[in-house]
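Text of the file entry_17.cif, holding mmCIF, C-alpha atoms:
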```cif
data_entry
loop_
_atom_site.label_atom_id
_atom_site.label_comp_id
_atom_site.auth_asym_id
_atom_site.auth_seq_id
_atom_site.Cartn_x
_atom_site.Cartn_y
_atom_site.Cartn_z
CA MET A 19 -152.39 -28.97 -128.94
CA SER A 20 -151.79 -27.17 -132.24
CA THR A 21 -149.50 -24.57 -133.67
CA PRO A 22 -151.14 -21.27 -134.61
CA GLY A 23 -150.53 -19.43 -137.85
CA PHE A 24 -152.00 -21.91 -140.33
CA ALA A 25 -155.40 -21.54 -141.92
CA ARG A 26 -157.60 -24.37 -140.71
CA VAL A 27 -160.03 -26.36 -142.81
CA GLU A 28 -162.84 -28.51 -141.47
CA ASP A 29 -162.12 -32.15 -140.73
CA ALA A 30 -163.02 -34.49 -143.52
CA GLY A 31 -166.41 -36.08 -143.08
CA VAL A 32 -166.58 -39.66 -141.89
CA ASP A 33 -169.44 -41.41 -143.67
CA HIS A 34 -168.19 -44.82 -144.67
CA PHE A 35 -166.48 -47.83 -143.16
CA GLY A 36 -163.72 -48.45 -145.66
CA SER A 37 -161.78 -51.66 -145.03
CA SER A 38 -163.64 -52.43 -141.78
CA ASN A 39 -166.68 -53.38 -143.87
CA ALA A 40 -165.07 -56.72 -144.71
CA PHE A 41 -164.93 -57.76 -141.06
CA ASN A 42 -167.92 -59.50 -139.51
CA VAL A 43 -169.19 -57.34 -136.63
CA SER A 44 -172.69 -58.80 -136.39
CA GLN A 45 -174.29 -59.01 -132.97
CA PRO A 46 -173.55 -62.29 -131.11
CA CYS A 47 -176.74 -64.09 -130.14
CA THR A 48 -175.26 -66.99 -128.14
CA LEU A 49 -172.68 -67.26 -125.39
CA THR A 50 -170.31 -69.09 -127.74
CA GLU A 51 -170.56 -66.33 -130.36
CA THR A 52 -169.26 -63.72 -127.86
CA GLY A 53 -165.87 -65.46 -127.81
CA LEU A 54 -165.73 -65.01 -124.03
CA SER A 55 -165.74 -67.51 -121.19
CA GLU A 56 -168.92 -68.11 -119.22
CA ALA A 57 -167.04 -67.36 -115.98
CA LEU A 58 -165.94 -63.91 -117.17
CA LEU A 59 -169.44 -62.91 -118.27
CA ILE A 60 -171.05 -64.25 -115.08
CA ASP A 61 -168.62 -62.23 -112.97
CA LEU A 62 -169.39 -59.11 -115.03
CA LEU A 63 -173.16 -59.61 -114.79
CA CYS A 64 -172.97 -60.08 -111.01
CA LYS A 65 -170.90 -56.89 -110.69
CA HIS A 66 -173.51 -54.92 -112.66
CA LEU A 67 -176.34 -56.19 -110.46
CA TYR A 68 -174.30 -55.51 -107.32
CA ASP A 69 -173.54 -51.99 -108.54
CA ALA A 70 -177.14 -51.16 -109.49
CA GLY A 71 -179.08 -53.12 -106.86
CA SER A 72 -181.52 -54.49 -109.44
CA LEU A 73 -181.83 -54.28 -113.23
CA ASP A 74 -184.41 -55.27 -115.80
CA THR A 75 -183.52 -57.08 -119.00
CA SER A 76 -183.35 -53.98 -121.18
CA ARG A 77 -181.03 -52.17 -118.76
CA LEU A 78 -178.80 -55.25 -118.54
CA MET A 79 -178.63 -55.35 -122.35
CA GLU A 80 -177.66 -51.68 -122.40
CA ARG A 81 -175.06 -51.91 -119.64
CA MET A 82 -173.40 -55.11 -120.87
CA ALA A 83 -173.81 -54.40 -124.62
CA LEU A 84 -175.07 -57.95 -125.17
CA ALA A 85 -178.16 -59.31 -126.87
CA GLY A 86 -181.08 -60.70 -124.88
CA PRO A 87 -180.48 -64.37 -125.75
CA VAL A 88 -176.94 -64.20 -124.36
CA LEU A 89 -178.16 -62.66 -121.12
CA ASP A 90 -180.95 -65.24 -120.92
CA GLU A 91 -178.31 -67.99 -120.93
CA LEU A 92 -176.35 -66.31 -118.13
CA LEU A 93 -179.39 -65.45 -116.02
CA ALA A 94 -180.79 -68.96 -116.35
CA PHE A 95 -177.54 -70.40 -115.02
CA LEU A 96 -177.35 -67.88 -112.16
CA ARG A 97 -180.97 -68.48 -111.15
CA LYS A 98 -180.40 -72.23 -111.14
CA ASP A 99 -177.26 -71.69 -109.06
CA GLY A 100 -179.17 -69.57 -106.54
CA ARG A 101 -177.25 -66.36 -107.15
CA VAL A 102 -179.95 -64.33 -108.96
CA GLU A 103 -183.66 -63.98 -108.26
CA VAL A 104 -186.57 -62.44 -110.16
CA LEU A 105 -187.95 -59.38 -108.39
CA GLY A 106 -190.99 -58.92 -110.58
CA GLN A 107 -191.94 -57.16 -113.78
CA ALA A 108 -190.07 -53.98 -114.71
CA SER A 109 -192.03 -50.77 -114.12
CA SER A 110 -191.50 -49.65 -117.72
CA GLY A 111 -193.56 -51.44 -120.34
CA GLY A 112 -190.81 -53.04 -122.44
CA GLY A 113 -188.20 -53.62 -119.76
CA GLY A 114 -188.91 -57.32 -119.14
CA LEU A 115 -188.30 -58.97 -115.80
CA ARG A 116 -186.35 -57.28 -113.04
CA TYR A 117 -183.44 -59.19 -111.48
CA GLY A 118 -181.43 -58.87 -108.27
CA LEU A 119 -178.72 -60.80 -106.45
CA THR A 120 -179.36 -63.22 -103.63
CA GLU A 121 -177.07 -63.21 -100.61
CA ARG A 122 -175.00 -65.88 -102.31
CA GLY A 123 -174.90 -63.77 -105.46
CA ARG A 124 -173.72 -60.71 -103.53
CA GLY A 125 -170.87 -62.79 -102.15
CA SER A 126 -169.93 -63.85 -105.70
CA ALA A 127 -170.05 -60.22 -106.83
CA ARG A 128 -167.74 -59.12 -104.01
CA ASP A 129 -165.30 -61.89 -104.94
CA ALA A 130 -165.46 -60.82 -108.59
CA LEU A 131 -164.81 -57.17 -107.65
CA ALA A 132 -161.81 -58.25 -105.57
CA ARG A 133 -160.37 -59.90 -108.68
CA GLY A 134 -161.15 -57.03 -111.05
CA GLY A 135 -162.83 -53.66 -110.68
CA TYR A 136 -164.07 -53.30 -114.27
CA ILE A 137 -167.83 -52.68 -114.54
CA GLY A 138 -168.77 -51.82 -118.09
CA PRO A 139 -169.79 -53.30 -121.44
CA ALA A 140 -168.70 -56.85 -122.12
CA PRO A 141 -165.16 -56.90 -123.56
CA TYR A 142 -164.15 -57.98 -127.04
CA PRO A 143 -161.92 -61.09 -127.18
CA VAL A 144 -158.30 -60.26 -127.99
CA GLU A 145 -158.16 -62.88 -130.77
CA ARG A 146 -160.91 -61.06 -132.68
CA TYR A 147 -159.39 -57.69 -131.86
CA ARG A 148 -156.21 -58.71 -133.67
CA GLU A 149 -158.28 -59.56 -136.74
CA LEU A 150 -160.20 -56.30 -136.41
CA LEU A 151 -157.01 -54.21 -136.34
CA HIS A 152 -155.73 -55.97 -139.46
CA SER A 153 -159.03 -55.57 -141.32
CA GLN A 154 -159.20 -51.78 -140.86
CA THR A 155 -155.47 -51.04 -141.18
CA ILE A 156 -154.39 -47.47 -141.67
CA HIS A 157 -151.57 -48.67 -143.93
CA HIS A 158 -153.70 -49.11 -147.03
CA GLY A 159 -151.46 -46.82 -149.10
CA GLY A 160 -154.35 -44.93 -150.63
CA VAL A 161 -153.28 -41.28 -150.21
CA THR A 162 -153.00 -39.36 -153.49
CA GLY A 163 -151.57 -35.96 -154.36
CA LYS A 164 -155.04 -34.62 -155.15
CA GLU A 165 -156.29 -35.66 -151.72
CA MET A 166 -153.32 -33.98 -150.05
CA GLN A 167 -154.03 -30.73 -151.90
CA THR A 168 -157.71 -30.85 -150.93
CA ALA A 169 -157.06 -31.68 -147.28
CA PHE A 170 -154.55 -28.86 -146.86
CA THR A 171 -156.26 -26.18 -148.94
CA GLY A 172 -155.29 -22.79 -147.52
CA VAL A 173 -152.36 -24.15 -145.50
CA VAL A 174 -149.05 -22.47 -146.31
CA LEU A 175 -146.20 -24.94 -146.69
CA HIS A 176 -142.84 -24.96 -148.44
CA GLY A 177 -142.95 -26.29 -151.98
CA GLY A 178 -142.75 -30.08 -152.13
CA MET A 179 -143.59 -30.64 -148.46
CA LEU A 180 -147.08 -31.95 -149.18
CA ASP A 181 -145.69 -34.52 -151.61
CA GLN A 182 -143.13 -35.63 -149.04
CA LEU A 183 -145.83 -36.02 -146.39
CA GLY A 184 -148.11 -37.94 -148.75
CA ALA A 185 -145.38 -40.38 -149.73
CA ALA A 186 -144.45 -40.83 -146.06
CA LEU A 187 -148.05 -41.72 -145.19
CA ASN A 188 -148.21 -44.33 -147.94
CA SER A 189 -144.93 -45.89 -146.87
CA GLY A 190 -146.31 -47.44 -143.69
CA ARG A 191 -143.12 -46.46 -141.90
CA ALA A 192 -142.47 -44.14 -138.96
CA ILE A 193 -142.00 -40.43 -139.71
CA MET A 194 -139.70 -37.91 -138.02
CA ILE A 195 -140.59 -34.24 -138.34
CA TYR A 196 -137.94 -31.84 -137.11
CA GLY A 197 -137.18 -28.14 -137.20
CA PRO A 198 -137.28 -24.97 -135.08
CA ALA A 199 -140.10 -24.25 -132.64
CA GLY A 200 -143.16 -22.56 -134.08
CA THR A 201 -142.77 -23.90 -137.62
CA GLY A 202 -146.02 -25.89 -137.56
CA LYS A 203 -144.77 -29.43 -136.97
CA THR A 204 -147.45 -30.45 -134.49
CA PHE A 205 -150.25 -28.66 -136.30
CA ILE A 206 -149.49 -30.24 -139.66
CA SER A 207 -148.80 -33.73 -138.35
CA SER A 208 -152.02 -33.79 -136.30
CA LYS A 209 -154.03 -32.88 -139.41
CA LEU A 210 -152.66 -35.75 -141.48
CA ILE A 211 -155.37 -38.02 -140.08
CA ARG A 212 -157.92 -36.19 -142.23
CA LEU A 213 -156.51 -38.13 -145.18
CA PHE A 214 -158.10 -41.25 -143.69
CA GLY A 215 -161.80 -40.44 -143.62
CA GLU A 216 -163.25 -43.91 -143.16
CA ALA A 217 -164.82 -44.83 -139.84
CA ILE A 218 -163.43 -47.72 -137.81
CA TRP A 219 -164.70 -49.99 -135.04
CA VAL A 220 -163.28 -49.44 -131.55
CA PRO A 221 -164.12 -51.84 -128.70
CA HIS A 222 -165.19 -50.56 -125.31
CA ALA A 223 -162.67 -53.00 -123.85
CA ILE A 224 -160.78 -56.15 -124.74
CA ALA A 225 -160.30 -59.36 -122.77
CA ILE A 226 -156.86 -60.93 -122.56
CA GLY A 227 -157.55 -64.10 -120.66
CA GLU A 228 -159.49 -62.93 -117.61
CA ALA A 229 -157.91 -59.44 -117.68
CA ILE A 230 -160.13 -56.68 -119.11
CA ILE A 231 -158.39 -53.63 -120.62
CA GLU A 232 -160.44 -50.56 -121.53
CA ILE A 233 -159.70 -49.29 -125.05
CA PHE A 234 -162.35 -46.69 -125.77
CA ASP A 235 -161.39 -43.27 -124.43
CA PRO A 236 -163.83 -40.38 -125.13
CA GLN A 237 -160.90 -37.94 -125.12
CA VAL A 238 -159.25 -39.89 -127.95
CA HIS A 239 -162.05 -41.61 -129.83
CA LYS A 240 -164.69 -39.42 -131.48
CA ARG A 241 -167.90 -41.32 -132.13
CA VAL A 242 -169.75 -40.82 -135.40
CA ASP A 243 -172.99 -42.60 -134.45
CA GLU A 244 -173.77 -41.20 -131.00
CA THR A 245 -177.40 -40.56 -131.92
CA ALA A 246 -177.94 -44.02 -133.43
CA ARG A 247 -180.43 -46.22 -131.62
CA PRO A 248 -179.71 -49.95 -131.10
CA SER A 249 -181.78 -52.31 -133.21
CA LEU A 250 -184.92 -53.53 -131.49
CA ARG A 251 -184.46 -56.92 -133.11
CA LEU A 252 -182.18 -59.07 -130.99
CA ASP A 253 -180.81 -60.85 -134.05
CA GLN A 254 -179.97 -57.68 -135.98
CA GLY A 255 -177.46 -54.86 -135.76
CA HIS A 256 -173.74 -54.75 -135.10
CA ASP A 257 -171.90 -56.02 -132.06
CA ARG A 258 -172.69 -53.44 -129.36
CA ARG A 259 -169.31 -54.04 -127.77
CA LEU A 260 -167.89 -52.02 -130.68
CA LEU A 261 -168.28 -48.29 -131.32
CA ARG A 262 -168.06 -46.56 -134.70
CA CYS A 263 -165.43 -43.82 -134.43
CA LYS A 264 -163.15 -41.58 -136.45
CA ARG A 265 -159.58 -42.78 -136.67
CA PRO A 266 -157.87 -41.61 -133.47
CA VAL A 267 -154.99 -39.19 -133.01
CA VAL A 268 -152.99 -39.38 -129.77
CA ILE A 269 -150.53 -36.53 -129.13
CA THR A 270 -148.18 -36.64 -126.19
CA GLY A 271 -145.25 -34.39 -125.32
CA GLY A 272 -142.75 -33.91 -122.55
CA GLU A 273 -145.11 -35.48 -120.00
CA LEU A 274 -144.75 -38.92 -121.61
CA THR A 275 -143.34 -41.64 -119.35
CA MET A 276 -142.33 -45.20 -120.19
CA ASP A 277 -145.08 -46.76 -118.09
CA GLN A 278 -147.68 -45.09 -120.35
CA LEU A 279 -146.46 -47.33 -123.17
CA ASP A 280 -147.40 -50.58 -121.44
CA ILE A 281 -150.53 -51.99 -119.85
CA ARG A 282 -150.85 -50.61 -116.34
CA TYR A 283 -152.70 -52.11 -113.40
CA ASP A 284 -154.19 -49.78 -110.79
CA PRO A 285 -154.25 -51.65 -107.45
CA TYR A 286 -156.81 -49.22 -106.00
CA THR A 287 -159.45 -49.56 -108.74
CA ARG A 288 -158.22 -53.06 -109.67
CA GLN A 289 -158.47 -52.12 -113.33
CA TYR A 290 -156.11 -52.35 -116.30
CA GLN A 291 -155.34 -49.23 -118.31
CA ALA A 292 -154.46 -49.43 -122.01
CA PRO A 293 -151.15 -47.94 -123.21
CA LEU A 294 -151.32 -44.87 -125.44
CA GLN A 295 -150.35 -46.72 -128.61
CA LEU A 296 -153.20 -49.19 -128.09
CA LYS A 297 -155.69 -46.32 -127.88
CA ALA A 298 -154.15 -44.97 -131.09
CA GLY A 299 -154.67 -48.29 -132.91
CA ASN A 300 -155.64 -47.87 -136.60
CA GLY A 301 -154.85 -44.17 -136.21
CA MET A 302 -151.92 -41.89 -135.49
CA PHE A 303 -149.58 -41.56 -132.50
CA ILE A 304 -147.56 -38.34 -132.37
CA ILE A 305 -144.71 -38.05 -129.88
CA ASP A 306 -144.24 -34.30 -129.71
CA ASP A 307 -141.25 -32.45 -128.21
CA MET A 308 -139.09 -35.52 -128.70
CA GLY A 309 -136.04 -35.24 -126.45
CA ARG A 310 -137.91 -33.33 -123.71
CA GLN A 311 -139.25 -36.43 -121.93
CA ARG A 312 -138.01 -37.56 -118.53
CA MET A 313 -136.30 -40.62 -120.00
CA ALA A 314 -133.28 -40.50 -122.31
CA PRO A 315 -134.19 -40.20 -126.03
CA ALA A 316 -132.38 -43.45 -126.77
CA GLU A 317 -134.52 -45.29 -124.20
CA LEU A 318 -137.73 -43.99 -125.73
CA LEU A 319 -136.63 -44.66 -129.29
CA ASN A 320 -135.49 -48.17 -128.43
CA ARG A 321 -139.03 -48.89 -127.22
CA TRP A 322 -140.19 -48.66 -130.84
CA ILE A 323 -137.56 -50.77 -132.62
CA VAL A 324 -139.50 -54.06 -132.55
CA PRO A 325 -142.93 -52.52 -133.30
CA MET A 326 -141.52 -50.50 -136.22
CA GLU A 327 -139.70 -53.46 -137.79
CA GLU A 328 -142.12 -56.32 -137.06
CA LYS A 329 -145.43 -54.39 -136.96
CA LYS A 330 -146.12 -56.14 -133.64
CA ASP A 331 -146.18 -54.82 -130.11
CA PHE A 332 -145.50 -57.02 -127.11
CA LEU A 333 -147.33 -55.82 -124.00
CA ASN A 334 -146.68 -56.88 -120.42
CA LEU A 335 -149.65 -57.65 -118.16
CA GLY A 336 -147.51 -58.44 -115.11
CA GLY A 337 -146.96 -61.76 -113.43
CA GLY A 338 -144.99 -63.03 -116.41
CA ARG A 339 -147.97 -62.61 -118.76
CA HIS A 340 -147.41 -61.05 -122.18
CA CYS A 341 -149.64 -60.32 -125.14
CA GLU A 342 -148.78 -59.73 -128.79
CA LEU A 343 -150.91 -57.23 -130.72
CA PRO A 344 -150.64 -55.71 -134.21
CA PHE A 345 -148.81 -52.39 -134.26
CA ASP A 346 -151.12 -50.70 -136.75
CA LEU A 347 -150.72 -46.95 -136.57
CA ILE A 348 -148.75 -44.09 -138.07
CA LEU A 349 -145.97 -43.24 -135.62
CA VAL A 350 -144.71 -39.66 -135.82
CA PHE A 351 -141.77 -38.23 -133.91
CA SER A 352 -141.72 -34.43 -133.74
CA THR A 353 -138.73 -32.54 -132.35
CA ASN A 354 -137.09 -29.14 -132.21
CA LEU A 355 -133.69 -30.81 -131.89
CA ASN A 356 -131.27 -32.08 -134.50
CA PRO A 357 -132.22 -35.76 -135.03
CA LEU A 358 -128.55 -36.73 -134.65
CA GLN A 359 -128.77 -35.46 -131.05
CA LEU A 360 -131.51 -38.03 -130.41
CA ALA A 361 -130.20 -41.16 -132.09
CA ASP A 362 -127.35 -42.45 -134.20
CA GLU A 363 -127.59 -42.91 -137.96
CA ALA A 364 -128.20 -46.65 -137.60
CA PHE A 365 -131.42 -46.03 -135.69
CA LEU A 366 -132.52 -43.11 -137.85
CA ARG A 367 -132.38 -45.40 -140.89
CA ARG A 368 -135.21 -47.39 -139.31
CA ILE A 369 -137.38 -44.27 -139.51
CA GLY A 370 -138.38 -44.07 -143.13
CA TYR A 371 -138.92 -40.34 -143.60
CA LYS A 372 -137.17 -37.40 -141.94
CA LEU A 373 -138.95 -34.17 -142.90
CA HIS A 374 -137.44 -30.79 -142.10
CA PHE A 375 -139.77 -27.90 -141.24
CA ASP A 376 -138.07 -24.52 -141.55
CA TYR A 377 -138.89 -20.84 -141.14
CA LEU A 378 -140.94 -19.03 -143.77
CA THR A 379 -139.95 -16.93 -146.72
CA ARG A 380 -141.30 -13.38 -146.83
CA ASN A 381 -143.91 -14.38 -149.41
CA GLU A 382 -145.14 -17.30 -147.26
CA TYR A 383 -145.31 -15.05 -144.19
CA GLU A 384 -147.41 -12.59 -146.18
CA GLN A 385 -149.84 -15.35 -147.23
CA ILE A 386 -150.45 -16.31 -143.61
CA TRP A 387 -150.72 -12.66 -142.57
CA ARG A 388 -153.45 -12.13 -145.18
CA GLN A 389 -155.34 -15.18 -143.92
CA GLU A 390 -155.21 -13.96 -140.33
CA VAL A 391 -156.39 -10.37 -141.01
CA GLU A 392 -159.24 -11.78 -143.08
CA LYS A 393 -160.32 -14.01 -140.19
CA LEU A 394 -160.16 -11.04 -137.82
CA GLY A 395 -162.24 -8.95 -140.22
CA ILE A 396 -159.70 -6.13 -140.56
CA PRO A 397 -158.34 -4.68 -143.82
CA TYR A 398 -155.02 -5.87 -145.17
CA ASP A 399 -152.42 -3.10 -144.93
CA PRO A 400 -149.20 -3.89 -146.83
CA LEU A 401 -147.39 -1.03 -145.09
CA LEU A 402 -148.22 -2.47 -141.67
CA LEU A 403 -146.91 -5.87 -142.73
CA ARG A 404 -143.77 -4.23 -144.09
CA TYR A 405 -143.26 -2.52 -140.75
CA VAL A 406 -143.59 -5.83 -138.88
CA ILE A 407 -141.05 -7.57 -141.12
CA GLU A 408 -138.55 -4.75 -141.66
CA GLY A 409 -139.09 -2.80 -138.45
CA LEU A 410 -139.43 -5.63 -135.96
CA HIS A 411 -138.29 -9.01 -137.33
CA GLN A 412 -135.20 -7.90 -139.21
CA PRO A 413 -133.65 -5.52 -136.64
CA GLU A 414 -133.99 -8.12 -133.90
CA LYS A 415 -133.04 -11.01 -136.21
CA VAL A 416 -136.18 -13.00 -135.36
CA PRO A 417 -136.94 -15.52 -138.13
CA LEU A 418 -140.38 -15.59 -139.73
CA ALA A 419 -142.41 -18.40 -138.14
CA PRO A 420 -145.97 -19.48 -139.04
CA CYS A 421 -147.20 -18.83 -135.51
CA HIS A 422 -146.22 -15.13 -135.48
CA PRO A 423 -149.01 -13.51 -137.57
CA ARG A 424 -151.91 -14.92 -135.59
CA ASP A 425 -150.27 -14.32 -132.23
CA LEU A 426 -149.14 -10.75 -132.91
CA LEU A 427 -152.40 -9.70 -134.56
CA GLY A 428 -154.43 -11.36 -131.81
CA MET A 429 -152.51 -9.59 -129.05
CA ALA A 430 -152.85 -6.24 -130.79
CA ARG A 431 -156.61 -6.78 -131.00
CA ASP A 432 -156.65 -7.74 -127.31
CA ARG A 433 -155.15 -4.35 -126.49
CA GLN A 434 -157.70 -2.59 -128.68
CA ARG A 435 -160.58 -4.28 -126.86
CA TYR A 436 -159.05 -3.44 -123.50
CA GLN A 437 -158.79 0.22 -124.46
CA GLY A 438 -162.26 0.28 -125.99
CA SER A 439 -160.94 1.23 -129.42
CA SER A 440 -161.44 -0.32 -132.85
CA GLY A 441 -160.47 0.19 -136.47
CA PRO A 442 -157.28 -0.66 -138.38
CA LEU A 443 -154.28 -1.70 -136.34
CA THR A 444 -151.36 0.70 -136.01
CA PRO A 445 -147.60 0.11 -135.94
CA GLN A 446 -147.62 1.18 -132.29
CA GLU A 447 -150.13 -1.52 -131.41
CA LEU A 448 -148.11 -4.19 -133.25
CA GLU A 449 -144.94 -3.00 -131.50
CA TRP A 450 -146.72 -3.29 -128.15
CA ALA A 451 -147.75 -6.87 -129.02
CA TRP A 452 -144.19 -7.66 -130.14
CA HIS A 453 -142.65 -6.57 -126.84
CA ASN A 454 -145.21 -8.59 -124.88
CA TYR A 455 -144.82 -11.71 -127.03
CA PHE A 456 -141.08 -12.27 -127.00
CA VAL A 457 -138.96 -13.10 -123.98
CA ARG A 458 -136.12 -10.71 -123.30
CA LEU A 459 -133.34 -11.39 -120.89
CA GLN A 460 -131.03 -8.68 -119.68
CA GLY A 461 -128.03 -8.38 -121.93
CA THR A 462 -129.65 -10.12 -124.92
CA GLU A 463 -130.71 -8.49 -128.13
CA GLN A 464 -132.90 -11.16 -129.66
CA GLY A 465 -136.28 -12.33 -128.40
CA GLU A 466 -137.26 -15.95 -128.42
CA THR A 467 -140.64 -17.40 -129.09
CA PRO A 468 -142.14 -18.74 -125.86
#
```
Once you've parsed the file, please lay out its structure as C-alpha cells.
Amino acid sequence: MSTPGFARVEDAGVDHFGSSNAFNVSQPCTLTETGLSEALLIDLLCKHLYDAGSLDTSRLMERMALAGPVLDELLAFLRKDGRVEVLGQASSGGGGLRYGLTERGRGSARDALARGGYIGPAPYPVERYRELLHSQTIHHGGVTGKEMQTAFTGVVLHGGMLDQLGAALNSGRAIMIYGPAGTGKTFISSKLIRLFGEAIWVPHAIAIGEAIIEIFDPQVHKRVDETARPSLRLDQGHDRRLLRCKRPVVITGGELTMDQLDIRYDPYTRQYQAPLQLKAGNGMFIIDDMGRQRMAPAELLNRWIVPMEEKKDFLNLGGGRHCELPFDLILVFSTNLNPLQLADEAFLRRIGYKLHFDYLTRNEYEQIWRQEVEKLGIPYDPLLLRYVIEGLHQPEKVPLAPCHPRDLLGMARDRQRYQGSSGPLTPQELEWAWHNYFVRLQGTEQGETP
C-alpha cells in the first residue's frame, strides 16, 4: 500500500551484512551444534519421510536444511530403533541412499503430526534467535542527513521534514506520523527502510521448547540470495536454517486485530503462526490508519507500552507458556486523526517523535505535477496547472494533496485512451477527471478524497 503523488526512487541495493557479520551463522555439523533436541529433529525427519514416501540423503538435506553428518546421526538412531529402512541407492548419481519409514516409523510419524503439523526446514533455537536479533539490530543510529537526502531524491516534502525523520530513526523510539488523508504518510514511512541497506538473517522457523513457529514469510521477507547454491562441502557455508533477506517492512491497517499480535495456534493445521511484529523483527512495523481498527485505540496502544519501554516483547504460547523476545524494530503509528483523540498526553510522551504531515504549498504541488507529466511523457503546461489550482481546487476549497496530480492526470489519460485520442491534455479532460475523482453528496459543495 502506498500513497501516490511522490516521485519514486529505486530501493537501495542490499549487498552487505552489516552488524549481522559479527554473529556466527556457520553450518552445524553435529546434533549438539543445532541447539535442538534429538526428539524434535527425529519427529521432524519422520514427518518428512511420511510426507514424501521416501527420500534420499540429498533431498533430506534440502528439505530439513541440515548438513549430512547431522542427518547421519538421526538416521542411524532411527534405523537402530527400527523406524527407518534403507530402500536402495538413489536413482540420481549424487543422491546417496534412499530411506523410507517402516510400519513402526509410520506410527511415530502419525503421532508426531498429531502433536504438531509443521513440516519444513529444521527450526532455529529461540536462545540463538535472541542473540541474532541483538546482533543485527536496526537501532544502530547510523542514519545521516546525506543519506536521507540521497534516499529521498525527487520526493517533495516540507522543509525540515527529512531532518525530523532522520533524527526519529536514530532515536530508537516509536514514531507517530499524523495528518490529513492523502498527504503521503504511508508512502514516506514505508520508504524509510531504504536507509538500512544491510542484509539480515531470517530463520525459516524458530523452536520454543517443542513448539515450532514459522518466521519467514515470502510476502514480508525479500530474499537477496535466491539464486545462490548451497555449498557442496558439508563443513562449509552458512546455517541453511537461515535466509539472507532485506530488512522487512510490515504494514497493517484497519484490518488489524489483537490476536495478530500474539502467537496463534491453528487447531486444524496444528501449527503456530508468528505475530506480525515478530515477522517485522530487525525491520519496520507500520500500523496505518490508527484509530480505524476494530479494537479501541487505547487497547491497541496499551499493547505496546512494555515493548516500547523495555525493548522486550512477551508472547503467549497458550497453556500458561510465555516467551520473552527482543523487540527490535522501528514502530510507526500513522493516523489521519488528532493524536489526542487516540491517547492522552501521558501515553503520547512514550512515543518519541510526533511528525505532522500537512497539505502542500502551491510551489510543492507544482513540483509534483511536473514530475507526473514527465513520467507520462506529456509536455508541462503551466496554464493547465493554473486552471487545476485556481479553477478546480480553489473554488471548491479542496486542499492541495500529494496524491492529486498523479490521480487526476492518470484519469484524464484513461479517458483519452478510451476515446482513442492523444496529445496534450485539455482543461475539459482535467475537469472530467476531477468530477469522477471526488465524492459529492447532495447538498454539499466540497468534494472529499476517497
Which residues would end up in the selection if the PyMOL selection byres ((chain A and resi 211) around 9) were applied here, given that I need the answer as number ranges by chain?
A: 29, 207-210, 212-215, 265-267, 301-302
Here is a test: counting only C-alpha atoms, which residue of A:Val220, A:Val43, A:Ala130, A:Leu84 is nearest to Leu296 (chain A)?
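Looking only at the distances to Leu296 (chain A), the closest residue turns out to be A:Val220.
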Distance table requested - region 240-303 of chain A against region 327-338 of chain A, cut-off 10 Å, all atoms listed in the file: one row per qualifying residue with the closest atom pair and its distance in Å to one decimal, ordered by chain and rising residue number, as CSV.
```
residue,atom,partner,partner_atom,distance
A:Leu279,CA,A:Leu333,CA,8.6
A:Asp280,CA,A:Leu333,CA,5.8
A:Ile281,CA,A:Leu335,CA,6.0
A:Arg282,CA,A:Leu335,CA,7.4
A:Tyr283,CA,A:Leu335,CA,7.9
A:Tyr290,CA,A:Leu335,CA,8.6
A:Ala292,CA,A:Leu333,CA,9.8
A:Pro293,CA,A:Leu333,CA,8.8
A:Gln295,CA,A:Asp331,CA,9.2
A:Leu296,CA,A:Asp331,CA,9.2
```
Sorted by chain and rising residue number, list the residues of region 334-411 of chain A at most 10 Å from region 310-319 of chain A (counting only C-alpha atoms), each with its closest atom pair and distance in Å to one decimal, as a Markdown table.
```
| residue | atom | partner | partner_atom | distance |
| --- | --- | --- | --- | --- |
| A:Phe351 | CA | A:Leu319 | CA | 9.4 |
| A:Thr353 | CA | A:Arg310 | CA | 8.7 |
| A:Asn354 | CA | A:Arg310 | CA | 9.5 |
| A:Leu355 | CA | A:Arg310 | CA | 9.5 |
| A:Gln359 | CA | A:Pro315 | CA | 8.8 |
| A:Leu360 | CA | A:Pro315 | CA | 5.6 |
| A:Ala361 | CA | A:Ala316 | CA | 6.2 |
| A:Asp362 | CA | A:Ala316 | CA | 9.0 |
| A:Phe365 | CA | A:Leu319 | CA | 8.4 |
| A:Leu366 | CA | A:Leu319 | CA | 9.6 |
```
Quick one: distance from CA of Pro139 (chain A) to CA of Cys47 (chain A) in Å, one decimal?
15.5 Å
Please write as a PDB file with C-alpha atoms, keeping the file's coordinate frame the full residue list that the PyMOL selection byres ((chain A and resi 228-233) around 8) yields on this file.
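The resulting file, selection.pdb, is reproduced below:
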```
ATOM      1  CA  LEU A  58    -165.940 -63.910-117.170  1.00  0.00           C
ATOM      2  CA  GLY A 134    -161.150 -57.030-111.050  1.00  0.00           C
ATOM      3  CA  TYR A 136    -164.070 -53.300-114.270  1.00  0.00           C
ATOM      4  CA  PRO A 141    -165.160 -56.900-123.560  1.00  0.00           C
ATOM      5  CA  VAL A 220    -163.280 -49.440-131.550  1.00  0.00           C
ATOM      6  CA  PRO A 221    -164.120 -51.840-128.700  1.00  0.00           C
ATOM      7  CA  HIS A 222    -165.190 -50.560-125.310  1.00  0.00           C
ATOM      8  CA  ALA A 223    -162.670 -53.000-123.850  1.00  0.00           C
ATOM      9  CA  ILE A 224    -160.780 -56.150-124.740  1.00  0.00           C
ATOM     10  CA  ALA A 225    -160.300 -59.360-122.770  1.00  0.00           C
ATOM     11  CA  ILE A 226    -156.860 -60.930-122.560  1.00  0.00           C
ATOM     12  CA  GLY A 227    -157.550 -64.100-120.660  1.00  0.00           C
ATOM     13  CA  PHE A 234    -162.350 -46.690-125.770  1.00  0.00           C
ATOM     14  CA  ASP A 235    -161.390 -43.270-124.430  1.00  0.00           C
ATOM     15  CA  GLN A 289    -158.470 -52.120-113.330  1.00  0.00           C
ATOM     16  CA  TYR A 290    -156.110 -52.350-116.300  1.00  0.00           C
ATOM     17  CA  GLN A 291    -155.340 -49.230-118.310  1.00  0.00           C
ATOM     18  CA  ALA A 292    -154.460 -49.430-122.010  1.00  0.00           C
ATOM     19  CA  LEU A 296    -153.200 -49.190-128.090  1.00  0.00           C
ATOM     20  CA  LYS A 297    -155.690 -46.320-127.880  1.00  0.00           C
TER      21      LYS A 297
END
```
